[in-house]
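Step one of this worksheet: look at the structure below.
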Amino acid sequence: MSMDGAGVLKRTLTEDEAAILDAWNASLQGGTSLQSGRIRMAELQTQAKAVFSQLRNAIVSGGLDADGEHFVPLRESLADISRSRAIQGFTPTDTANFVFSLKEPIFEALRRMSAADDSGFAASVLAAGKILDRLGLQTMEVFLASREEVIGRQGQEIAELSTPVVRLWDGILALPLIGTLDSARTGVVMENLLQAIVDEEAEIAIIDITGVPTVDTLVAQHLLKTVAAARLMGADCIVSGIRPQIAQTMVHLGVELNVVSKATLADAFAVALRRTGRKIVRQQTASTEERR
Amino acid sequence: MTKAETLPIRSGDDVVRVRQRVRTLCIEIGLGLVDQTKFVTAASELARNTLDYGGGGDVRAEVVQTGTRKGLRLTFEDEGPGIADIEQALTDHFTSGGGLGLGLGGAKRLSNEFHIESTPGVGTRVTVVRWK
């Protein structure tokens, strides 16, 4: 009597566990994950053993639906494994291969088990292939999601890092802007600047846009809003770092920045010092020493 | 000889990508720094209009050549609500959103050729060309 695919698969996984695990470990040992040195063989073997026993339990007790509730523990531990691999910097291939390399050992064992029963063998291979493909895909999904999480976090860090407010002198702040000014970043910029104006009791804030590659109407609008908010807080703004090509483009666009603007940060700083009643003078003694 | 490519405009990041691609193409056809900046800014305005008012769309970028003259043609297309009164939309400081109302008119001033067609309820197509 020939058995159905599920029956063959259940029996194989229960009775041939040692052989399958040995073959899987051998295949993992030859894989590229180990060569990268990011994981040790012992750890890999522990993971393989845990995953295999969960797979066997799921199939024996729950059947062949990889999305079913009996597969929950297995899916969770696979998710943990691929999440930690994403963070450790494994390649997608290495991560997916962890699951896919189990295929060959299981297919081999199924062949041994079914012997002459061709239809049972075919059905069980199909069933096992389906489950492992589903699990492999799920591993990749978690892997990608973890990577995206890392990228998202980096994006936030960049947004915070790239908007420092620098104190140039008593009451004079500088805000060097770098990169694209979108609505989200303008929010961070404005918040940082306004808080710094309060903390430093600043009278003048210099917004330097040397590092902003394109100034279109949206960027101009964001700048104007920031300047208006700073004014309400009692600080005057100077915009510096407007390059010649940006100036020409802004004139064509028809944008009027009704703020004091200077070509360079140095010019803007000089204006700020003058307005706060300070002057930079060359030290007399130093220059006479040089002349000698 | 023409070379064409289509870029999607579906998010704010796409607007940045359009800008970067247009800048590269401007450099390829040999535009100077001022002209590059002008056309990139025009592209930025139009891409943002496509996104904000058109609900997203595509831009087709083509390097065109007539005789010895080389240029870059950008066609922005969306299937949004369309513009009922184009004359009014091109007026400076007119905006139906929260912007400065300078984008469309500004893009016209920053390009050599400007063409807009829009059908309310069907969509909008804006074509701009910058010659070297």
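In the structure tokens, chains take the letters A, B, ... in the order shown, each chain's residues start at 1, and ligands count up from 1 in the order shown.
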
Using DSSP assignments from the backbone, pull out every residue in segment 10-108 of chain B that falls under strand (DSSP E) and give it to me as JSON, numbers by chain. {"B": [57, 58, 59, 60, 61, 62, 63, 64, 65, 66, 69, 70, 71, 72, 73, 74, 75, 76, 77, 78]}

Tell me as a ChimeraX atom specification which residues belonging to chain A come within 8 Å of chain B, counting only C-alpha atoms. /A:180,182,214-218,221,244-246,248-249,252-255

Output the selection as a PDB file, in the first residue's frame - C-alpha atoms for each residue.
```pdb
ATOM      1  CA  THR A 180      17.945  68.123   0.923  1.00  0.00           C
ATOM      2  CA  ASP A 182      12.224  68.426   3.011  1.00  0.00           C
ATOM      3  CA  THR A 214      18.926  72.855  -4.935  1.00  0.00           C
ATOM      4  CA  VAL A 215      16.863  75.744  -3.642  1.00  0.00           C
ATOM      5  CA  ASP A 216      13.370  75.506  -5.108  1.00  0.00           C
ATOM      6  CA  THR A 217      10.198  77.209  -3.938  1.00  0.00           C
ATOM      7  CA  LEU A 218       9.565  74.589  -1.263  1.00  0.00           C
ATOM      8  CA  GLN A 221       9.269  78.548   1.793  1.00  0.00           C
ATOM      9  CA  PRO A 244      25.857  82.594  -7.741  1.00  0.00           C
ATOM     10  CA  GLN A 245      23.898  79.963  -9.689  1.00  0.00           C
ATOM     11  CA  ILE A 246      21.381  79.626  -6.839  1.00  0.00           C
ATOM     12  CA  GLN A 248      20.194  83.557 -10.437  1.00  0.00           C
ATOM     13  CA  THR A 249      17.779  80.666 -10.212  1.00  0.00           C
ATOM     14  CA  HIS A 252      14.000  83.585 -12.150  1.00  0.00           C
ATOM     15  CA  LEU A 253      11.744  81.630  -9.845  1.00  0.00           C
ATOM     16  CA  GLY A 254      10.487  84.909  -8.453  1.00  0.00           C
ATOM     17  CA  VAL A 255      11.271  84.016  -4.849  1.00  0.00           C
TER      18      VAL A 255
END
```

Determine, counting only C-alpha atoms, which protein, DNA and RNA residues have an atom within 10 Å of an atom of segment 256-267 of chain A; residues of the same chain fewer than 6 positions away are not included. Present the result as a ChimeraX atom specification. /A:174,176,206-210,220-221,223-224,227-228,236-244,247,250,273

Take the selection from the previous step and output its residues with N, CA and C atoms, as a PDB file, in the first residue's frame.
```pdb
ATOM      1  N   ALA A 174      25.031  79.800  14.556  1.00  0.00           N
ATOM      2  CA  ALA A 174      25.084  79.448  13.136  1.00  0.00           C
ATOM      3  C   ALA A 174      24.410  78.096  12.948  1.00  0.00           C
ATOM      4  N   PRO A 176      24.434  75.499   9.988  1.00  0.00           N
ATOM      5  CA  PRO A 176      24.857  75.094   8.642  1.00  0.00           C
ATOM      6  C   PRO A 176      23.953  73.976   8.126  1.00  0.00           C
ATOM      7  N   ILE A 206      22.583  82.764  12.097  1.00  0.00           N
ATOM      8  CA  ILE A 206      23.019  82.719  10.706  1.00  0.00           C
ATOM      9  C   ILE A 206      22.654  81.349  10.131  1.00  0.00           C
ATOM     10  N   ILE A 207      21.843  81.356   9.081  1.00  0.00           N
ATOM     11  CA  ILE A 207      21.487  80.091   8.425  1.00  0.00           C
ATOM     12  C   ILE A 207      22.335  79.964   7.170  1.00  0.00           C
ATOM     13  N   ASP A 208      23.206  78.980   7.155  1.00  0.00           N
ATOM     14  CA  ASP A 208      24.132  78.834   6.031  1.00  0.00           C
ATOM     15  C   ASP A 208      23.657  77.722   5.108  1.00  0.00           C
ATOM     16  N   ILE A 209      23.399  78.066   3.825  1.00  0.00           N
ATOM     17  CA  ILE A 209      22.849  77.053   2.909  1.00  0.00           C
ATOM     18  C   ILE A 209      23.866  76.626   1.842  1.00  0.00           C
ATOM     19  N   THR A 210      25.165  76.777   2.168  1.00  0.00           N
ATOM     20  CA  THR A 210      26.203  76.343   1.216  1.00  0.00           C
ATOM     21  C   THR A 210      26.016  74.881   0.824  1.00  0.00           C
ATOM     22  N   ALA A 220      12.694  77.390  -0.278  1.00  0.00           N
ATOM     23  CA  ALA A 220      12.610  78.810   0.047  1.00  0.00           C
ATOM     24  C   ALA A 220      11.510  79.054   1.067  1.00  0.00           C
ATOM     25  N   GLN A 221      10.375  78.372   0.859  1.00  0.00           N
ATOM     26  CA  GLN A 221       9.269  78.548   1.793  1.00  0.00           C
ATOM     27  C   GLN A 221       9.643  78.066   3.192  1.00  0.00           C
ATOM     28  N   LEU A 223      12.646  77.965   4.422  1.00  0.00           N
ATOM     29  CA  LEU A 223      13.598  78.945   4.973  1.00  0.00           C
ATOM     30  C   LEU A 223      12.851  80.144   5.544  1.00  0.00           C
ATOM     31  N   LEU A 224      11.894  80.650   4.752  1.00  0.00           N
ATOM     32  CA  LEU A 224      11.150  81.834   5.187  1.00  0.00           C
ATOM     33  C   LEU A 224      10.383  81.567   6.480  1.00  0.00           C
ATOM     34  N   VAL A 227      12.860  81.560   9.345  1.00  0.00           N
ATOM     35  CA  VAL A 227      13.263  82.925   9.658  1.00  0.00           C
ATOM     36  C   VAL A 227      12.148  83.640  10.422  1.00  0.00           C
ATOM     37  N   ALA A 228      10.893  83.458   9.962  1.00  0.00           N
ATOM     38  CA  ALA A 228       9.769  84.127  10.621  1.00  0.00           C
ATOM     39  C   ALA A 228       9.624  83.654  12.062  1.00  0.00           C
ATOM     40  N   ASP A 236      17.253  87.905  15.045  1.00  0.00           N
ATOM     41  CA  ASP A 236      17.323  88.239  13.626  1.00  0.00           C
ATOM     42  C   ASP A 236      18.062  87.145  12.887  1.00  0.00           C
ATOM     43  N   CYS A 237      17.661  86.885  11.645  1.00  0.00           N
ATOM     44  CA  CYS A 237      18.330  85.846  10.871  1.00  0.00           C
ATOM     45  C   CYS A 237      19.112  86.449   9.719  1.00  0.00           C
ATOM     46  N   ILE A 238      20.237  85.842   9.434  1.00  0.00           N
ATOM     47  CA  ILE A 238      20.996  86.188   8.242  1.00  0.00           C
ATOM     48  C   ILE A 238      21.151  84.886   7.455  1.00  0.00           C
ATOM     49  N   VAL A 239      20.840  84.914   6.165  1.00  0.00           N
ATOM     50  CA  VAL A 239      21.029  83.724   5.342  1.00  0.00           C
ATOM     51  C   VAL A 239      22.343  83.882   4.595  1.00  0.00           C
ATOM     52  N   SER A 240      23.211  82.882   4.706  1.00  0.00           N
ATOM     53  CA  SER A 240      24.498  82.980   4.022  1.00  0.00           C
ATOM     54  C   SER A 240      24.734  81.766   3.150  1.00  0.00           C
ATOM     55  N   GLY A 241      25.747  81.853   2.307  1.00  0.00           N
ATOM     56  CA  GLY A 241      26.115  80.708   1.474  1.00  0.00           C
ATOM     57  C   GLY A 241      25.260  80.551   0.237  1.00  0.00           C
ATOM     58  N   ILE A 242      24.682  81.665  -0.249  1.00  0.00           N
ATOM     59  CA  ILE A 242      23.911  81.578  -1.490  1.00  0.00           C
ATOM     60  C   ILE A 242      24.889  81.670  -2.656  1.00  0.00           C
ATOM     61  N   ARG A 243      25.043  80.593  -3.384  1.00  0.00           N
ATOM     62  CA  ARG A 243      26.010  80.568  -4.488  1.00  0.00           C
ATOM     63  C   ARG A 243      25.435  81.300  -5.705  1.00  0.00           C
ATOM     64  N   PRO A 244      26.320  81.783  -6.608  1.00  0.00           N
ATOM     65  CA  PRO A 244      25.857  82.594  -7.741  1.00  0.00           C
ATOM     66  C   PRO A 244      24.746  81.923  -8.546  1.00  0.00           C
ATOM     67  N   ALA A 247      21.512  82.055  -6.711  1.00  0.00           N
ATOM     68  CA  ALA A 247      20.954  83.407  -6.696  1.00  0.00           C
ATOM     69  C   ALA A 247      20.214  83.672  -7.998  1.00  0.00           C
ATOM     70  N   MET A 250      16.975  81.702  -8.176  1.00  0.00           N
ATOM     71  CA  MET A 250      15.924  82.222  -7.289  1.00  0.00           C
ATOM     72  C   MET A 250      15.273  83.470  -7.881  1.00  0.00           C
ATOM     73  N   LEU A 273      28.640  90.427  14.151  1.00  0.00           N
ATOM     74  CA  LEU A 273      29.499  91.049  15.171  1.00  0.00           C
ATOM     75  C   LEU A 273      29.253  92.550  15.211  1.00  0.00           C
TER      76      LEU A 273
END
```

Need the shell around Gly120 of chain A: protein/DNA/RNA residues with any atom at most 12 Å away, counting only C-alpha atoms. Skip same-chain ones fewer than 3 positions apart. Format as an MDAnalysis selection string? chainID A and resid 1:9 11:12 110:117 123:127

Since we have the selection now, will you write its residues out, keeping C-alpha atoms, as a PDB file, in the first residue's frame?
```pdb
ATOM      1  CA  MET A   1       0.000   0.000   0.000  1.00  0.00           C
ATOM      2  CA  SER A   2       1.403   3.341  -0.904  1.00  0.00           C
ATOM      3  CA  MET A   3       1.345   6.175   1.643  1.00  0.00           C
ATOM      4  CA  ASP A   4       0.304   9.760   0.953  1.00  0.00           C
ATOM      5  CA  GLY A   5       2.906  12.551   0.858  1.00  0.00           C
ATOM      6  CA  ALA A   6       2.205  13.796   4.371  1.00  0.00           C
ATOM      7  CA  GLY A   7       2.547  10.327   5.848  1.00  0.00           C
ATOM      8  CA  VAL A   8       5.904   9.685   4.152  1.00  0.00           C
ATOM      9  CA  LEU A   9       7.167  13.083   5.218  1.00  0.00           C
ATOM     10  CA  ARG A  11       7.691   9.184   9.075  1.00  0.00           C
ATOM     11  CA  THR A  12      10.887  10.316   7.396  1.00  0.00           C
ATOM     12  CA  LEU A 110      12.416  10.827   1.496  1.00  0.00           C
ATOM     13  CA  ARG A 111      13.895   8.858  -1.391  1.00  0.00           C
ATOM     14  CA  ARG A 112      15.421   6.339   1.008  1.00  0.00           C
ATOM     15  CA  MET A 113      12.121   6.043   2.869  1.00  0.00           C
ATOM     16  CA  SER A 114       9.809   5.662  -0.140  1.00  0.00           C
ATOM     17  CA  ALA A 115      12.060   3.078  -1.843  1.00  0.00           C
ATOM     18  CA  ALA A 116       9.952   1.764  -4.720  1.00  0.00           C
ATOM     19  CA  ASP A 117       6.898   3.906  -3.993  1.00  0.00           C
ATOM     20  CA  ALA A 123       3.914  13.700  -3.278  1.00  0.00           C
ATOM     21  CA  SER A 124       6.122  13.971  -0.219  1.00  0.00           C
ATOM     22  CA  VAL A 125       8.829  15.919  -2.107  1.00  0.00           C
ATOM     23  CA  LEU A 126       6.176  18.326  -3.328  1.00  0.00           C
ATOM     24  CA  ALA A 127       4.818  18.786   0.197  1.00  0.00           C
TER      25      ALA A 127
END
```

Per DSSP on the backbone, filter segment 118-226 of chain A down to the residues in helix (DSSP H, G or I) and report them as a tab-separated table (two decimals) with N, CA and C atoms, in the first residue's frame.
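Output (out_9.tsv):
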```tsv
chain	number	residue	atom	x	y	z
A	118	ASP	N	6.97	5.31	-5.97
A	118	ASP	CA	7.25	6.54	-6.71
A	118	ASP	C	6.25	7.64	-6.42
A	119	SER	N	4.96	7.29	-6.40
A	119	SER	CA	3.95	8.33	-6.23
A	119	SER	C	4.04	8.93	-4.83
A	120	GLY	N	4.32	8.08	-3.81
A	120	GLY	CA	4.49	8.57	-2.44
A	120	GLY	C	5.67	9.51	-2.36
A	121	PHE	N	6.78	9.16	-3.08
A	121	PHE	CA	7.97	9.99	-3.07
A	121	PHE	C	7.68	11.35	-3.68
A	122	ALA	N	7.04	11.32	-4.86
A	122	ALA	CA	6.75	12.58	-5.54
A	122	ALA	C	5.87	13.48	-4.68
A	123	ALA	N	4.84	12.90	-4.09
A	123	ALA	CA	3.91	13.70	-3.28
A	123	ALA	C	4.61	14.28	-2.07
A	124	SER	N	5.48	13.48	-1.43
A	124	SER	CA	6.12	13.97	-0.22
A	124	SER	C	7.16	15.05	-0.55
A	125	VAL	N	7.86	14.89	-1.70
A	125	VAL	CA	8.83	15.92	-2.11
A	125	VAL	C	8.10	17.23	-2.37
A	126	LEU	N	6.96	17.12	-3.03
A	126	LEU	CA	6.18	18.33	-3.33
A	126	LEU	C	5.77	19.02	-2.03
A	127	ALA	N	5.28	18.21	-1.07
A	127	ALA	CA	4.82	18.79	0.20
A	127	ALA	C	5.97	19.45	0.95
A	128	ALA	N	7.11	18.74	1.03
A	128	ALA	CA	8.26	19.28	1.76
A	128	ALA	C	8.78	20.53	1.07
A	129	GLY	N	8.83	20.49	-0.29
A	129	GLY	CA	9.31	21.65	-1.04
A	129	GLY	C	8.46	22.88	-0.77
A	130	LYS	N	7.15	22.67	-0.76
A	130	LYS	CA	6.22	23.77	-0.52
A	130	LYS	C	6.49	24.43	0.84
A	131	ILE	N	6.61	23.57	1.86
A	131	ILE	CA	6.81	24.10	3.22
A	131	ILE	C	8.13	24.87	3.31
A	132	LEU	N	9.19	24.26	2.77
A	132	LEU	CA	10.51	24.90	2.90
A	132	LEU	C	10.59	26.19	2.10
A	133	ASP	N	9.92	26.22	0.92
A	133	ASP	CA	9.91	27.46	0.13
A	133	ASP	C	9.22	28.57	0.90
A	134	ARG	N	8.09	28.20	1.50
A	134	ARG	CA	7.32	29.20	2.26
A	134	ARG	C	8.17	29.75	3.42
A	135	LEU	N	8.84	28.81	4.12
A	135	LEU	CA	9.65	29.23	5.26
A	135	LEU	C	10.83	30.08	4.80
A	136	GLY	N	11.42	29.69	3.65
A	136	GLY	CA	12.55	30.46	3.12
A	136	GLY	C	12.13	31.88	2.76
A	137	LEU	N	10.98	31.99	2.12
A	137	LEU	CA	10.48	33.32	1.74
A	137	LEU	C	10.23	34.16	2.98
A	138	GLN	N	9.66	33.51	4.00
A	138	GLN	CA	9.36	34.25	5.22
A	138	GLN	C	10.65	34.74	5.87
A	139	THR	N	11.69	33.88	5.82
A	139	THR	CA	12.98	34.28	6.35
A	139	THR	C	13.48	35.54	5.65
A	140	MET	N	13.32	35.56	4.32
A	140	MET	CA	13.78	36.72	3.56
A	140	MET	C	12.98	37.97	3.92
A	141	GLU	N	11.67	37.78	4.12
A	141	GLU	CA	10.83	38.93	4.47
A	141	GLU	C	11.30	39.57	5.77
A	142	VAL	N	11.55	38.72	6.76
A	142	VAL	CA	12.02	39.24	8.04
A	142	VAL	C	13.39	39.90	7.88
A	143	PHE	N	14.23	39.24	7.07
A	143	PHE	CA	15.58	39.77	6.82
A	143	PHE	C	15.50	41.19	6.25
A	144	LEU	N	14.66	41.34	5.22
A	144	LEU	CA	14.53	42.65	4.58
A	144	LEU	C	13.92	43.68	5.53
A	145	ALA	N	12.91	43.24	6.27
A	145	ALA	CA	12.27	44.17	7.21
A	145	ALA	C	13.29	44.67	8.23
A	146	SER	N	14.16	43.76	8.71
A	146	SER	CA	15.17	44.17	9.69
A	146	SER	C	16.15	45.14	9.07
A	147	ARG	N	16.54	44.86	7.81
A	147	ARG	CA	17.45	45.78	7.13
A	147	ARG	C	16.82	47.17	7.00
A	148	GLU	N	15.53	47.17	6.61
A	148	GLU	CA	14.84	48.46	6.44
A	148	GLU	C	14.77	49.21	7.75
A	149	GLU	N	14.59	48.47	8.84
A	149	GLU	CA	14.57	49.08	10.16
A	149	GLU	C	15.89	49.79	10.42
A	150	VAL	N	17.00	49.09	10.09
A	150	VAL	CA	18.33	49.66	10.29
A	150	VAL	C	18.47	50.93	9.45
A	151	ILE	N	18.01	50.86	8.18
A	151	ILE	CA	18.13	52.03	7.29
A	151	ILE	C	17.30	53.19	7.82
A	152	GLY	N	16.09	52.88	8.27
A	152	GLY	CA	15.23	53.93	8.81
A	152	GLY	C	15.86	54.61	10.00
A	153	ARG	N	16.48	53.81	10.87
A	153	ARG	CA	17.11	54.37	12.06
A	153	ARG	C	18.27	55.26	11.65
A	154	GLN	N	19.05	54.80	10.65
A	154	GLN	CA	20.17	55.60	10.18
A	154	GLN	C	19.68	56.92	9.61
A	155	GLY	N	18.55	56.87	8.88
A	155	GLY	CA	17.98	58.09	8.32
A	155	GLY	C	17.67	59.10	9.41
A	156	GLN	N	17.07	58.60	10.50
A	156	GLN	CA	16.75	59.50	11.61
A	156	GLN	C	18.02	60.07	12.22
A	157	GLU	N	19.05	59.20	12.36
A	157	GLU	CA	20.30	59.67	12.95
A	157	GLU	C	20.93	60.74	12.08
A	158	ILE	N	20.87	60.53	10.75
A	158	ILE	CA	21.46	61.51	9.83
A	158	ILE	C	20.72	62.83	9.97
A	159	ALA	N	19.37	62.75	10.05
A	159	ALA	CA	18.58	63.98	10.16
A	159	ALA	C	18.99	64.76	11.41
A	160	GLU	N	19.26	64.04	12.49
A	160	GLU	CA	19.65	64.74	13.71
A	160	GLU	C	21.07	65.25	13.64
A	161	LEU	N	21.94	64.42	13.08
A	161	LEU	CA	23.36	64.80	13.00
A	161	LEU	C	23.57	66.00	12.10
A	183	SER	N	10.15	68.61	4.23
A	183	SER	CA	9.33	69.11	5.33
A	183	SER	C	9.76	68.51	6.67
A	184	ALA	N	10.07	67.21	6.67
A	184	ALA	CA	10.43	66.55	7.92
A	184	ALA	C	11.70	67.15	8.50
A	185	ARG	N	12.70	67.37	7.63
A	185	ARG	CA	13.96	67.91	8.14
A	185	ARG	C	13.82	69.36	8.56
A	186	THR	N	12.99	70.12	7.82
A	186	THR	CA	12.79	71.51	8.22
A	186	THR	C	12.21	71.57	9.63
A	187	GLY	N	11.33	70.62	9.93
A	187	GLY	CA	10.76	70.56	11.27
A	187	GLY	C	11.85	70.42	12.32
A	188	VAL	N	12.78	69.48	12.08
A	188	VAL	CA	13.88	69.25	13.02
A	188	VAL	C	14.75	70.49	13.13
A	189	VAL	N	15.06	71.09	11.96
A	189	VAL	CA	15.91	72.28	11.92
A	189	VAL	C	15.29	73.40	12.74
A	190	MET	N	14.00	73.64	12.49
A	190	MET	CA	13.34	74.76	13.16
A	190	MET	C	13.32	74.54	14.67
A	191	GLU	N	13.00	73.32	15.05
A	191	GLU	CA	12.93	72.99	16.47
A	191	GLU	C	14.29	73.22	17.14
A	192	ASN	N	15.35	72.68	16.51
A	192	ASN	CA	16.70	72.85	17.08
A	192	ASN	C	17.08	74.31	17.20
A	193	LEU	N	16.79	75.07	16.14
A	193	LEU	CA	17.20	76.47	16.11
A	193	LEU	C	16.46	77.26	17.18
A	194	LEU	N	15.15	77.07	17.25
A	194	LEU	CA	14.37	77.85	18.21
A	194	LEU	C	14.79	77.53	19.64
A	195	GLN	N	15.05	76.25	19.91
A	195	GLN	CA	15.48	75.87	21.25
A	195	GLN	C	16.83	76.49	21.56
A	196	ALA	N	17.73	76.48	20.56
A	196	ALA	CA	19.07	77.04	20.78
A	196	ALA	C	18.99	78.55	21.02
A	197	ILE	N	18.03	79.22	20.34
A	197	ILE	CA	17.88	80.66	20.53
A	197	ILE	C	17.52	80.94	21.99
A	198	VAL	N	16.64	80.11	22.54
A	198	VAL	CA	16.26	80.28	23.95
A	198	VAL	C	17.46	79.99	24.85
A	199	ASP	N	18.12	78.84	24.62
A	199	ASP	CA	19.20	78.41	25.50
A	199	ASP	C	20.36	79.39	25.51
A	200	GLU	N	20.70	79.90	24.34
A	200	GLU	CA	21.90	80.75	24.22
A	200	GLU	C	21.55	82.23	24.31
A	217	THR	N	11.15	76.39	-4.70
A	217	THR	CA	10.20	77.21	-3.94
A	217	THR	C	9.87	76.57	-2.59
A	218	LEU	N	9.89	75.24	-2.53
A	218	LEU	CA	9.57	74.59	-1.26
A	218	LEU	C	10.65	74.87	-0.22
A	219	VAL	N	11.92	74.74	-0.66
A	219	VAL	CA	13.03	75.03	0.25
A	219	VAL	C	12.97	76.49	0.69
A	220	ALA	N	12.69	77.39	-0.28
A	220	ALA	CA	12.61	78.81	0.05
A	220	ALA	C	11.51	79.05	1.07
A	221	GLN	N	10.38	78.37	0.86
A	221	GLN	CA	9.27	78.55	1.79
A	221	GLN	C	9.64	78.07	3.19
A	222	HIS	N	10.35	76.93	3.25
A	222	HIS	CA	10.79	76.41	4.54
A	222	HIS	C	11.73	77.39	5.21
A	223	LEU	N	12.65	77.97	4.42
A	223	LEU	CA	13.60	78.94	4.97
A	223	LEU	C	12.85	80.14	5.54
A	224	LEU	N	11.89	80.65	4.75
A	224	LEU	CA	11.15	81.83	5.19
A	224	LEU	C	10.38	81.57	6.48
A	225	LYS	N	9.83	80.35	6.57
A	225	LYS	CA	9.09	80.01	7.79
A	225	LYS	C	10.03	79.96	9.00
A	226	THR	N	11.21	79.37	8.79
A	226	THR	CA	12.17	79.29	9.89
A	226	THR	C	12.59	80.68	10.34
```

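Near Arg60 of chain B, within a cut-off of 8 Å and counting only C-alpha atoms, sit the residues Ala4, Glu5, Thr6, Leu7, Arg73, Leu74, Thr75 and Phe76 of chain B, with same-chain residues fewer than 3 positions away left out.
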
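The gap separating atom CA of Leu102 of chain A from atom CA of Gly31 of chain A is 12.0 Å, in Å to one decimal.
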
Contacts of segment 48-65 of chain A at 6 Å (only C-alpha atoms; same-chain gap of 3+ positions) as a PDB file with N, CA and C atoms, in the first residue's frame:
```
ATOM      1  N   LYS A  10       6.119  12.704   7.386  1.00  0.00           N
ATOM      2  CA  LYS A  10       6.106  12.594   8.854  1.00  0.00           C
ATOM      3  C   LYS A  10       7.028  11.475   9.309  1.00  0.00           C
ATOM      4  N   LEU A  13      10.795  12.332   8.738  1.00  0.00           N
ATOM      5  CA  LEU A  13      11.354  13.324   9.658  1.00  0.00           C
ATOM      6  C   LEU A  13      11.541  12.726  11.045  1.00  0.00           C
ATOM      7  N   GLN A  45      25.139  24.759  14.300  1.00  0.00           N
ATOM      8  CA  GLN A  45      24.585  23.420  14.560  1.00  0.00           C
ATOM      9  C   GLN A  45      23.446  23.479  15.564  1.00  0.00           C
ATOM     10  N   GLY A  68       0.082  27.749   9.115  1.00  0.00           N
ATOM     11  CA  GLY A  68      -0.819  27.360  10.201  1.00  0.00           C
ATOM     12  C   GLY A  68      -0.237  27.631  11.581  1.00  0.00           C
ATOM     13  N   HIS A  70       0.457  25.615  14.028  1.00  0.00           N
ATOM     14  CA  HIS A  70       1.475  24.700  14.546  1.00  0.00           C
ATOM     15  C   HIS A  70       2.876  25.125  14.155  1.00  0.00           C
ATOM     16  N   PHE A  71       2.965  25.979  13.138  1.00  0.00           N
ATOM     17  CA  PHE A  71       4.280  26.419  12.673  1.00  0.00           C
ATOM     18  C   PHE A  71       4.735  27.700  13.373  1.00  0.00           C
ATOM     19  N   LEU A  74       8.179  27.639  15.075  1.00  0.00           N
ATOM     20  CA  LEU A  74       9.232  27.522  14.067  1.00  0.00           C
ATOM     21  C   LEU A  74       9.413  28.855  13.353  1.00  0.00           C
TER      22      LEU A  74
END
```

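Minimum atom-to-atom distance to Pro213 of chain A, evaluated using only C-alpha atoms, belongs to A:Ile178 out of A:Phe100, A:Ile178, A:Val72, A:Trp24.
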
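Candidate residues A:Ala96, A:Val251, A:Glu104, A:Ala205 were compared for distance to Ala229 of chain A, and the nearest is A:Ala205, using only C-alpha atoms.
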
Identify, on the basis of only C-alpha atoms, every residue whose closest approach to Asn112 of chain B does not exceed 7 Å; exclude the query and any residue fewer than 3 positions from it along the same chain; express the result as a PyMOL selection string. chain B and resi 129-131

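Take atom CA of Glu79 of chain B and atom CA of Gly56 of chain B: the distance between them is 7.8 Å.
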